[in-house]
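Q: Here it is, the structure, as structure tokens.
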Amino acid sequence: MTTSPISATQPDENLYPYVMRVTGCRSMVLRTIFAGASDWSRATVHVDYKRTVGYGEPSTIEVVDVFELTEDSRFAAVTIIYDTVPVRTEFNNL
């Protein structure tokens with residue numbers, strides 16, 4: 001499961017095909033990786049995510065992804081955190 005400010009909580013098999021369909025020219029610049037000191041079942045990635053939505057102009061958003069990990073270090077869930085104000089209209093215009 002993935003939780004996103006724009007797409008709410010959805011199964012991965014629904015969310016990621018949608019994201020790939022409506023965005024283009026995707027790239028990320030890694031800022032930081034955080035690992036939980038008190039809870040090793042969580043890790044966080046801080047990135048700058050550049051992409052286009054629909055036929056719009058490229059824009060960059062600052063994103064934090066919080067990964068919940070299984071005991072064997074596989075992804076169990078992802079929570080995506082970012083400010084939706086600058087990008088909400090991009091998705092409303094699809």
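By order in the structure tokens, chains are A, B, ...; within a chain, residues start at 1; ligands start at 1, following the order shown.
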Enumerate, as a PyMOL selection string, the complete set of residues in segment 24-89 of chain A that a backbone-based DSSP assignment places in strand (DSSP E).
A: chain A and resi 24-35+42-53+59-69+75-81
Q: Extract, using only C-alpha atoms, all DNA, RNA and protein residues at most 12 Å from Leu15 of chain A, discarding same-chain residues fewer than 3 positions from it, and format them as a ChimeraX atom specification.
A: /A:1-4,6-12,18-22,78,80
Q: Please produce a file of those selected residues containing C-alpha atoms, as a short mmCIF file (atom, residue, chain, number, x, y, z; two decimals), in the first residue's frame.
A:
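This is the output file part.cif:
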data_model
loop_
_atom_site.label_atom_id
_atom_site.label_comp_id
_atom_site.auth_asym_id
_atom_site.auth_seq_id
_atom_site.Cartn_x
_atom_site.Cartn_y
_atom_site.Cartn_z
CA MET A 1 0.00 0.00 0.00
CA THR A 2 1.11 3.52 -0.73
CA THR A 3 -0.26 6.70 0.82
CA SER A 4 0.13 9.92 -1.17
CA ILE A 6 -2.78 13.58 -4.03
CA SER A 7 -3.84 9.95 -4.49
CA ALA A 8 -4.75 8.95 -0.90
CA THR A 9 -4.09 5.33 0.14
CA GLN A 10 -4.11 2.83 -2.70
CA PRO A 11 -2.72 -0.59 -3.52
CA ASP A 12 0.63 -0.25 -5.29
CA TYR A 18 -1.48 5.78 -12.76
CA VAL A 19 1.60 7.84 -11.82
CA MET A 20 3.54 6.45 -14.78
CA ARG A 21 0.62 7.26 -17.12
CA VAL A 22 0.08 10.90 -16.06
CA VAL A 78 5.26 3.65 1.62
CA ILE A 80 4.80 9.90 0.47
#
Q: Please provide as a PyMOL selection string all residues within 9 Å of Asp65 of chain A, with the sequence filter that same-chain residues fewer than 5 positions apart are discarded (counting only C-alpha atoms).
A: chain A and resi 43-47+78-82
Q: Between atom CA of Thr23 of chain A and atom CA of Phe75 of chain A, measure the distance and give it in Å to one decimal.
A: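 Between these atoms lies a distance of 23.1 Å.
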Q: Using only C-alpha atoms, can you tell me which of A:Pro58, A:Pro86, A:Phe91, A:Arg42 comes closest to Arg74 of chain A?
A: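 Going through A:Pro58, A:Pro86, A:Phe91, A:Arg42 one by one, the smallest distance to Arg74 of chain A is for A:Arg42.
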Q: Mind checking DSSP for chain A and telling me the helix (DSSP H, G or I) residues as a list in words?
A: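 The helix (DSSP H, G or I) residues within chain A come out as Asp12, Glu13, Asn14, Leu15, Tyr16, Pro17, Tyr18, Val19, Met20, Arg21, Val22, Arg88, Thr89, Glu90, Phe91 and Asn92 of chain A.
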Q: Would you save the residues of that selection, restricted to N, CA and C atoms, as a JSON list (two decimals), in the first residue's frame?
A:
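Written file, again35.json:
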[["chain", "number", "residue", "atom", "x", "y", "z"],
["A", 12, "ASP", "N", -0.46, -0.62, -4.38],
["A", 12, "ASP", "CA", 0.63, -0.25, -5.29],
["A", 12, "ASP", "C", 0.29, -0.55, -6.74],
["A", 13, "GLU", "N", -0.39, -1.67, -6.98],
["A", 13, "GLU", "CA", -0.70, -2.05, -8.36],
["A", 13, "GLU", "C", -1.68, -1.08, -9.03],
["A", 14, "ASN", "N", -2.35, -0.22, -8.27],
["A", 14, "ASN", "CA", -3.21, 0.82, -8.84],
["A", 14, "ASN", "C", -2.49, 2.16, -8.96],
["A", 15, "LEU", "N", -1.76, 2.53, -7.91],
["A", 15, "LEU", "CA", -1.15, 3.85, -7.86],
["A", 15, "LEU", "C", -0.03, 4.02, -8.88],
["A", 16, "TYR", "N", 0.92, 3.11, -8.91],
["A", 16, "TYR", "CA", 2.11, 3.33, -9.74],
["A", 16, "TYR", "C", 1.82, 3.31, -11.24],
["A", 17, "PRO", "N", 0.95, 2.47, -11.76],
["A", 17, "PRO", "CA", 0.60, 2.60, -13.18],
["A", 17, "PRO", "C", -0.05, 3.95, -13.50],
["A", 18, "TYR", "N", -0.86, 4.46, -12.57],
["A", 18, "TYR", "CA", -1.48, 5.78, -12.76],
["A", 18, "TYR", "C", -0.40, 6.87, -12.81],
["A", 19, "VAL", "N", 0.52, 6.84, -11.86],
["A", 19, "VAL", "CA", 1.60, 7.84, -11.82],
["A", 19, "VAL", "C", 2.42, 7.79, -13.10],
["A", 20, "MET", "N", 2.74, 6.60, -13.55],
["A", 20, "MET", "CA", 3.54, 6.45, -14.78],
["A", 20, "MET", "C", 2.76, 6.96, -16.00],
["A", 21, "ARG", "N", 1.45, 6.82, -15.99],
["A", 21, "ARG", "CA", 0.62, 7.26, -17.12],
["A", 21, "ARG", "C", 0.49, 8.78, -17.19],
["A", 22, "VAL", "N", 0.36, 9.46, -16.05],
["A", 22, "VAL", "CA", 0.08, 10.90, -16.06],
["A", 22, "VAL", "C", 1.31, 11.77, -15.89],
["A", 88, "ARG", "N", -1.21, 20.75, -6.86],
["A", 88, "ARG", "CA", -2.59, 20.26, -6.96],
["A", 88, "ARG", "C", -3.26, 20.68, -8.26],
["A", 89, "THR", "N", -3.04, 21.90, -8.72],
["A", 89, "THR", "CA", -3.68, 22.33, -9.97],
["A", 89, "THR", "C", -3.19, 21.53, -11.17],
["A", 90, "GLU", "N", -1.92, 21.06, -11.11],
["A", 90, "GLU", "CA", -1.43, 20.23, -12.21],
["A", 90, "GLU", "C", -2.28, 18.97, -12.37],
["A", 91, "PHE", "N", -2.67, 18.37, -11.26],
["A", 91, "PHE", "CA", -3.47, 17.15, -11.29],
["A", 91, "PHE", "C", -4.94, 17.45, -11.56],
["A", 92, "ASN", "N", -5.43, 18.60, -11.10],
["A", 92, "ASN", "CA", -6.82, 18.98, -11.35],
["A", 92, "ASN", "C", -7.07, 19.24, -12.83]]
Q: Skip Arg31 of chain A itself and residues of its chain fewer than 2 positions away, then list as a ChimeraX atom specification all residues within 10 Å of it, counting only C-alpha atoms.
A: /A:28-29,33,45-48,62-64
Q: Using atom CA of Thr52 of chain A and atom CA of Gly24 of chain A as the two end points, give the distance in Å to one decimal.
A: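 Between atom CA of Thr52 of chain A and atom CA of Gly24 of chain A the gap works out to 5.1 Å.
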Q: Hey, which of A:Ala35, A:Val87, A:Ser41, A:Cys25 ends up closest to Glu68 of chain A? Count only C-alpha atoms.
A: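 Once distances to Glu68 of chain A are computed over only C-alpha atoms, the minimum belongs to A:Ser41.
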Q: Between A:Phe34, A:Pro5, A:Asp72, A:Ser27, which residue has the minimum interatomic distance to Lys50 of chain A, considering only C-alpha atoms?
A: A:Ser27
Q: Take atom CA of Ser73 of chain A and atom CA of Asp39 of chain A and report the distance between them in Å, one decimal.
A: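 The value is 12.6 Å.
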